[in-house]
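**Q** Here you go, this is query36.pdb (PDB, C-alpha atoms).
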```pdb
ATOM      1  CA  MET A 901       0.000   0.000   0.000
ATOM      2  CA  ALA A 902       1.113   3.504  -0.666
ATOM      3  CA  ASP A 903       2.371   5.583   2.222
ATOM      4  CA  ASN A 904      -0.761   7.702   2.326
ATOM      5  CA  TRP A 905      -3.095   4.766   3.081
ATOM      6  CA  ARG A 906      -4.048   4.081   6.684
ATOM      7  CA  ALA A 907      -5.824   1.011   8.092
ATOM      8  CA  VAL A 908      -8.901   2.027  10.030
ATOM      9  CA  ASP A 909     -10.759  -1.241  10.636
ATOM     10  CA  SER A 910     -10.459  -4.998  10.250
ATOM     11  CA  ILE A 911     -12.297  -8.184  11.087
ATOM     12  CA  CYS A 912     -11.752 -11.905  11.037
ATOM     13  CA  ILE A 913     -14.468 -14.141   9.610
ATOM     14  CA  TYR A 914     -14.396 -17.813  10.578
ATOM     15  CA  TYR A 915     -15.475 -20.892   8.637
ATOM     16  CA  ARG A 916     -16.372 -24.446   9.492
ATOM     17  CA  THR A 917     -13.994 -27.150   8.292
ATOM     18  CA  GLY A 918     -14.129 -27.337   4.506
ATOM     19  CA  TYR A 919     -16.721 -24.527   4.159
ATOM     20  CA  ARG A 920     -16.215 -21.612   1.825
ATOM     21  CA  TYR A 921     -19.385 -19.566   2.266
ATOM     22  CA  VAL A 922     -19.740 -16.805   4.822
ATOM     23  CA  GLU A 923     -21.993 -18.018   7.615
ATOM     24  CA  PRO A 924     -23.182 -15.033   9.646
ATOM     25  CA  GLY A 925     -24.486 -17.374  12.371
ATOM     26  CA  PHE A 926     -21.105 -19.061  12.932
ATOM     27  CA  ARG A 927     -19.095 -17.862  15.937
ATOM     28  CA  ASP A 928     -19.108 -14.020  16.100
ATOM     29  CA  ASN A 929     -19.312 -13.536  12.332
ATOM     30  CA  ARG A 930     -22.646 -11.649  12.301
ATOM     31  CA  LYS A 931     -21.611  -9.104  14.907
ATOM     32  CA  GLU A 932     -18.266  -8.530  13.220
ATOM     33  CA  LEU A 933     -19.730  -8.304   9.711
ATOM     34  CA  ASP A 934     -22.435  -5.836  10.788
ATOM     35  CA  ARG A 935     -19.869  -3.636  12.515
ATOM     36  CA  PHE A 936     -17.437  -3.760   9.606
ATOM     37  CA  ILE A 937     -20.066  -3.079   6.952
ATOM     38  CA  ALA A 938     -21.244  -0.047   8.941
ATOM     39  CA  SER A 939     -17.631   1.154   9.001
ATOM     40  CA  VAL A 940     -17.323   0.694   5.221
ATOM     41  CA  ARG A 941     -20.578   2.611   4.641
ATOM     42  CA  GLN A 942     -19.431   5.476   6.873
ATOM     43  CA  THR A 943     -16.154   5.678   5.005
ATOM     44  CA  MET A 944     -17.966   5.809   1.684
ATOM     45  CA  GLU A 945     -20.451   8.426   2.962
ATOM     46  CA  ARG A 946     -17.530  10.650   3.998
ATOM     47  CA  GLN A 947     -16.304  10.249   0.435
ATOM     48  CA  GLN A 948     -12.943   8.971   1.567
ATOM     49  CA  ALA A 949     -11.098   6.756  -0.849
ATOM     50  CA  ALA A 950     -11.278   3.224   0.491
ATOM     51  CA  ARG A 951      -9.543  -0.089  -0.144
ATOM     52  CA  ILE A 952     -10.492  -3.418   1.365
ATOM     53  CA  ILE A 953      -7.904  -6.170   1.469
ATOM     54  CA  ILE A 954      -9.066  -9.700   2.173
ATOM     55  CA  GLN A 955      -6.532 -12.350   3.094
ATOM     56  CA  SER A 956      -8.077 -15.812   3.339
ATOM     57  CA  GLY A 957      -6.443 -18.955   4.579
ATOM     58  CA  ALA A 958      -7.039 -22.539   5.582
ATOM     59  CA  SER A 959      -5.753 -24.984   8.169
ATOM     60  CA  PRO A 960      -3.250 -27.736   7.255
ATOM     61  CA  ASP A 961      -5.848 -30.510   7.292
ATOM     62  CA  GLY A 962      -6.677 -31.497   3.734
ATOM     63  CA  THR A 963      -4.430 -31.407   0.686
ATOM     64  CA  ASN A 964      -2.453 -28.346  -0.331
ATOM     65  CA  GLN A 965      -4.374 -28.037  -3.605
ATOM     66  CA  ALA A 966      -7.714 -28.263  -1.825
ATOM     67  CA  ASN A 967      -6.597 -25.665   0.727
ATOM     68  CA  GLU A 968      -5.441 -23.286  -2.002
ATOM     69  CA  ARG A 969      -8.813 -23.576  -3.760
ATOM     70  CA  LEU A 970     -10.664 -23.246  -0.470
ATOM     71  CA  SER A 971      -8.788 -20.115   0.576
ATOM     72  CA  GLN A 972      -9.498 -18.540  -2.840
ATOM     73  CA  ARG A 973     -13.187 -19.412  -2.580
ATOM     74  CA  ARG A 974     -13.331 -17.988   0.936
ATOM     75  CA  ALA A 975     -11.803 -14.740  -0.291
ATOM     76  CA  ASP A 976     -14.324 -14.613  -3.153
ATOM     77  CA  SER A 977     -17.228 -15.355  -0.821
ATOM     78  CA  VAL A 978     -16.428 -12.740   1.783
ATOM     79  CA  ALA A 979     -15.646 -10.138  -0.898
ATOM     80  CA  SER A 980     -19.027 -10.771  -2.489
ATOM     81  CA  TYR A 981     -20.754 -10.572   0.902
ATOM     82  CA  ILE A 982     -19.121  -7.268   1.810
ATOM     83  CA  CYS A 983     -19.693  -5.684  -1.610
ATOM     84  CA  ARG A 984     -23.334  -6.755  -1.617
ATOM     85  CA  HIS A 985     -24.125  -5.644   1.936
ATOM     86  CA  ALA A 986     -22.060  -2.443   1.927
ATOM     87  CA  SER A 987     -23.205  -1.535  -1.608
ATOM     88  CA  ILE A 988     -19.716  -0.953  -2.944
ATOM     89  CA  PRO A 989     -18.188  -1.946  -6.275
ATOM     90  CA  ASP A 990     -15.834  -4.917  -6.269
ATOM     91  CA  ALA A 991     -13.097  -2.635  -7.609
ATOM     92  CA  TYR A 992     -12.545  -1.523  -4.002
ATOM     93  CA  VAL A 993     -11.572  -5.059  -2.956
ATOM     94  CA  GLU A 994      -8.250  -6.872  -3.263
ATOM     95  CA  LYS A 995      -8.308 -10.619  -2.546
ATOM     96  CA  GLN A 996      -5.295 -12.606  -1.358
ATOM     97  CA  ALA A 997      -5.686 -16.371  -1.015
ATOM     98  CA  ILE A 998      -2.768 -17.716   1.014
ATOM     99  CA  GLY A 999      -3.621 -21.431   1.136
ATOM    100  CA  ILE A1000      -2.452 -22.917   4.424
ATOM    101  CA  ALA A1001      -1.954 -20.169   7.003
ATOM    102  CA  TRP A1002       1.473 -21.360   8.179
ATOM    103  CA  GLU A1003       2.588 -17.997   9.588
ATOM    104  CA  ARG A1004      -0.570 -17.639  11.637
ATOM    105  CA  LEU A1005      -0.167 -21.216  12.935
ATOM    106  CA  ARG A1006       3.396 -20.400  13.952
ATOM    107  CA  ARG A1007       2.209 -17.345  15.918
ATOM    108  CA  GLN A1008      -0.487 -19.444  17.615
ATOM    109  CA  VAL A1009       1.977 -22.169  18.603
ATOM    110  CA  ALA A1010       4.489 -19.619  19.903
ATOM    111  CA  ALA A1011       1.793 -17.992  22.053
ATOM    112  CA  SER A1012       0.483 -21.319  23.383
ATOM    113  CA  ASP A1013       1.585 -23.510  26.254
ATOM    114  CA  MET A1014       1.048 -26.707  24.241
ATOM    115  CA  ALA A1015       3.156 -29.780  24.899
ATOM    116  CA  HIS A1016       6.221 -30.105  22.647
ATOM    117  CA  ARG A1017       5.862 -26.487  21.564
ATOM    118  CA  GLU A1018       9.565 -25.998  20.857
ATOM    119  CA  GLU A1019       9.700 -29.085  18.626
ATOM    120  CA  VAL A1020       6.652 -27.894  16.696
ATOM    121  CA  LEU A1021       8.212 -24.442  16.279
ATOM    122  CA  ASP A1022      11.419 -26.054  15.031
ATOM    123  CA  ILE A1023       9.462 -27.929  12.357
ATOM    124  CA  LEU A1024       7.493 -24.820  11.376
ATOM    125  CA  ASP A1025      10.690 -22.764  11.155
ATOM    126  CA  ASN A1026      13.077 -25.269   9.572
ATOM    127  CA  THR A1027      11.169 -27.915   7.635
ATOM    128  CA  PRO A1028      10.399 -27.014   4.025
ATOM    129  CA  LEU A1029       6.854 -27.345   2.732
ATOM    130  CA  TRP A1030       8.109 -30.198   0.534
ATOM    131  CA  SER A1031      11.276 -32.309   0.514
ATOM    132  CA  PHE A1032      12.401 -34.002  -2.718
ATOM    133  CA  ASP A1033      14.877 -36.735  -3.584
ATOM    134  CA  LYS A1034      17.399 -36.432  -6.437
ATOM    135  CA  GLN A1035      14.795 -37.636  -8.933
ATOM    136  CA  GLY A1036      12.399 -34.885  -7.895
ATOM    137  CA  ARG A1037      10.008 -37.158  -6.022
ATOM    138  CA  VAL A1038       8.366 -35.888  -2.849
ATOM    139  CA  ILE A1039       9.886 -37.665   0.145
ATOM    140  CA  GLY A1040       8.591 -35.483   2.970
ATOM    141  CA  SER A1041       6.732 -32.364   3.970
ATOM    142  CA  ARG A1042       6.230 -29.945   6.823
ATOM    143  CA  LYS A1043       2.738 -31.309   7.410
ATOM    144  CA  LYS A1044       3.995 -34.921   7.511
ATOM    145  CA  ALA A1045       6.724 -33.958   9.984
ATOM    146  CA  LEU A1046       4.106 -32.340  12.226
ATOM    147  CA  MET A1047       1.817 -35.362  11.947
ATOM    148  CA  ASP A1048       4.663 -37.759  12.830
ATOM    149  CA  LEU A1049       6.040 -35.742  15.757
ATOM    150  CA  ARG A1050       5.587 -37.565  19.071
ATOM    151  CA  GLY A1051       3.108 -40.042  17.620
ATOM    152  CA  GLY A1052       0.853 -37.241  16.400
ATOM    153  CA  VAL A1053       0.065 -35.845  19.866
ATOM    154  CA  PRO A1054       0.978 -32.203  19.022
ATOM    155  CA  TYR A1055      -0.798 -32.410  15.652
ATOM    156  CA  ARG A1056      -4.011 -33.667  17.272
ATOM    157  CA  TYR A1057      -3.804 -30.848  19.822
ATOM    158  CA  MET A1058      -3.334 -28.259  17.069
ATOM    159  CA  TYR A1059      -6.158 -29.810  15.041
ATOM    160  CA  GLN A1060      -8.542 -29.447  17.956
ATOM    161  CA  HIS A1061      -7.379 -26.170  19.505
ATOM    162  CA  LEU A1062      -5.519 -24.108  16.882
ATOM    163  CA  PHE A1063      -6.721 -25.132  13.425
ATOM    164  CA  PRO A1064     -10.265 -23.725  13.884
ATOM    165  CA  ASP A1065      -8.812 -20.204  14.077
ATOM    166  CA  LEU A1066      -6.827 -20.768  10.869
ATOM    167  CA  ARG A1067     -10.031 -21.337   8.894
ATOM    168  CA  CYS A1068     -10.663 -17.680   8.375
ATOM    169  CA  SER A1069     -10.517 -14.647   6.204
ATOM    170  CA  LEU A1070      -8.552 -11.883   7.835
ATOM    171  CA  VAL A1071     -11.027  -9.901   6.234
ATOM    172  CA  ALA A1072     -11.043  -6.848   5.191
ATOM    173  CA  MET A1073      -8.652  -4.470   6.434
ATOM    174  CA  LEU A1074     -10.350  -1.229   5.521
ATOM    175  CA  TYR A1075      -7.860   1.367   4.377
ATOM    176  CA  VAL A1076      -8.579   5.009   3.738
ATOM    177  CA  GLN A1077      -6.437   7.357   1.779
ATOM    178  CA  GLU A1078      -5.325  10.232   3.903
ATOM    179  CA  LYS A1079      -5.506  13.619   2.354
ATOM    180  CA  GLU A1080      -2.144  15.170   1.920
ATOM    181  CA  GLU A1081      -1.766  18.246   3.984
ATOM    182  CA  THR A1082      -0.474  21.269   2.231
ATOM    183  CA  THR A1083       1.723  23.616   4.107
ATOM    184  CA  GLU A1084       2.472  27.118   3.186
ATOM    185  CA  ASN A1085       6.144  27.788   2.738
ATOM    186  CA  ASP A1086       7.382  31.220   3.526
ATOM    187  CA  SER A1087       9.829  32.249   0.922
ATOM    188  CA  THR A1088      11.978  35.115   1.997
TER     189      THR A1088
END
```
As structure tokens, how would this structure be written, given the file I've shared?
**A**
Amino acid sequence: MADNWRAVDSICIYYRTGYRYVEPGFRDNRKELDRFIASVRQTMERQQAARIIIQSGASPDGTNQANERLSQRRADSVASYICRHASIPDAYVEKQAIGIAWERLRRQVAASDMAHREEVLDILDNTPLWSFDKQGRVIGSRKKALMDLRGGVPYRYMYQHLFPDLRCSLVAMLYVQEKEETTENDST
């Protein structure tokens, strides 16, 4: 974003496992969507230039290809919902589908007190998404390493306690363009 854009609001919309459509009745989605849409409308009424950036992700369960498609569909769904309910053109919206939200998972693990946290962080930090042999065949992955760690105990914990918060669209950071202030220069 250009230097003269400032974030003024954001929300996080959550999804059920494998779902792509915005469900207002799921978790706090309705309250957050209503608040955010009101913020978008106010921005538009003040005739401030606005930009909405939607970054959608998925949890590691499922295949990478499925998660990439799912995160794109989530971004499309929430963009459509916001445009429709806030009555704004889709030209105001930028969608970013990130697939598996590895960085967010890393932050969650680091902030948790889960068992084997340091080993999980080591895998997240140092294991590539995919490992290949000399013939180019996949021989390992970050997800597989997490699933195999300690008989799967940390993975099952993350699946139950952390993955639900990865199934989201970090929707809609609402940016407004700040007006450049002009200053009078005294020339002497």
**Q** Would you list the residues near (4.1, -33.6, 9.2), meaning any protein, DNA or RNA residue with an atom at most 10 Å from that point in file coordinates, counting all atoms listed in the file, as number ranges by chain?
**A** A: 960, 1020, 1023-1024, 1027, 1029, 1040-1049, 1052, 1055
**Q** From the set A:Arg1017, A:His1061, A:Arg1050, A:Arg920, which residue has the shortest atom-to-atom contact distance to A:Ser971, counting all atoms listed in the file?
**A**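 Closest residue, counting all atoms listed in the file: A:Arg920.
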**Q** When the PyMOL selection byres ((chain A and resi 985) around 12) is applied to the file above, which residues end up in the set, as a list of chain:residue names?
**A**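 Applied to this file, the PyMOL selection byres ((chain A and resi 985) around 12) selects A:Leu933, A:Asp934, A:Arg935, A:Phe936, A:Ile937, A:Ala938, A:Ser939, A:Val940, A:Arg941, A:Val978, A:Ala979, A:Ser980, A:Tyr981, A:Ile982, A:Cys983, A:Arg984, A:Ala986, A:Ser987, A:Ile988, A:Pro989, A:Asp990.
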**Q** How many Å separate atom CA of A:Leu1005 from atom CA of A:Val922?
**A**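 Value for the atom CA of A:Leu1005-atom CA of A:Val922 distance: 21.6 Å.
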**Q** Give me the result of the PyMOL selection byres ((chain A and resi 914) around 8) on this file, residue by residue, as a ChimeraX atom specification.
**A** /A:912-913,915-916,922,926-927,929,1064-1065,1067-1069
**Q** Write out, as a PDB file, in the coordinates of the input, the residues just selected, with C-alpha atoms.
**A**
```
ATOM      1  CA  CYS A 912     -11.752 -11.905  11.037  1.00  0.00           C
ATOM      2  CA  ILE A 913     -14.468 -14.141   9.610  1.00  0.00           C
ATOM      3  CA  TYR A 915     -15.475 -20.892   8.637  1.00  0.00           C
ATOM      4  CA  ARG A 916     -16.372 -24.446   9.492  1.00  0.00           C
ATOM      5  CA  VAL A 922     -19.740 -16.805   4.822  1.00  0.00           C
ATOM      6  CA  PHE A 926     -21.105 -19.061  12.932  1.00  0.00           C
ATOM      7  CA  ARG A 927     -19.095 -17.862  15.937  1.00  0.00           C
ATOM      8  CA  ASN A 929     -19.312 -13.536  12.332  1.00  0.00           C
ATOM      9  CA  PRO A1064     -10.265 -23.725  13.884  1.00  0.00           C
ATOM     10  CA  ASP A1065      -8.812 -20.204  14.077  1.00  0.00           C
ATOM     11  CA  ARG A1067     -10.031 -21.337   8.894  1.00  0.00           C
ATOM     12  CA  CYS A1068     -10.663 -17.680   8.375  1.00  0.00           C
ATOM     13  CA  SER A1069     -10.517 -14.647   6.204  1.00  0.00           C
TER      14      SER A1069
END
```
**Q** Take the PyMOL selection byres ((chain A and resi 995) around 12), run it mentally on this structure, and tell me the resulting residues as an MDAnalysis selection string.
**A** chainID A and resid 951:957 971:980 990:994 996:998 1069:1073
**Q** Rounded to one decimal, what separation in Å do you get between atom CA of A:Met1058 and atom CA of A:Arg1037?
**A**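 So the answer is 28.1 Å.
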**Q** Give me, please, the distance in Å between atom CA of A:Trp905 and atom CA of A:Tyr1075, quoted to one decimal.
**A** 6.0 Å
**Q** Find the residues near A:Gly962: any atom within 10 Å, counting all atoms listed in the file, skip ones fewer than 4 places away on the same chain, and give them as a ChimeraX atom specification.
**A** /A:917-918,958,966-967,1000
**Q** Could you check the closest approach to A:Asn964 for each of A:Glu1019, A:Trp1030, A:Ala950, A:Glu932 and tell me which residue wins, using all atoms listed in the file?
**A** A:Trp1030
**Q** Calculated over all atoms listed in the file, which of the candidates A:Glu1003, A:Asp1022, A:Asp1033, A:Asp1013 has the smallest distance to A:Leu1066?
**A**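 Of A:Glu1003, A:Asp1022, A:Asp1033, A:Asp1013, the one nearest A:Leu1066 is A:Glu1003, counting all atoms listed in the file.
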**Q** Near A:Met1014, counting only C-alpha atoms, which residues have an atom at most 9 Å away, once you skip same-chain residues fewer than 5 positions from it, shown as a compact mmCIF listing (two decimals) with C-alpha atoms, in the frame of the given file?
**A**
```txt
# COMPACT_ATOMS: atom_id res chain seq x y z
CA VAL A 1009 1.98 -22.17 18.60
CA PRO A 1054 0.98 -32.20 19.02
CA TYR A 1057 -3.80 -30.85 19.82
CA MET A 1058 -3.33 -28.26 17.07
```
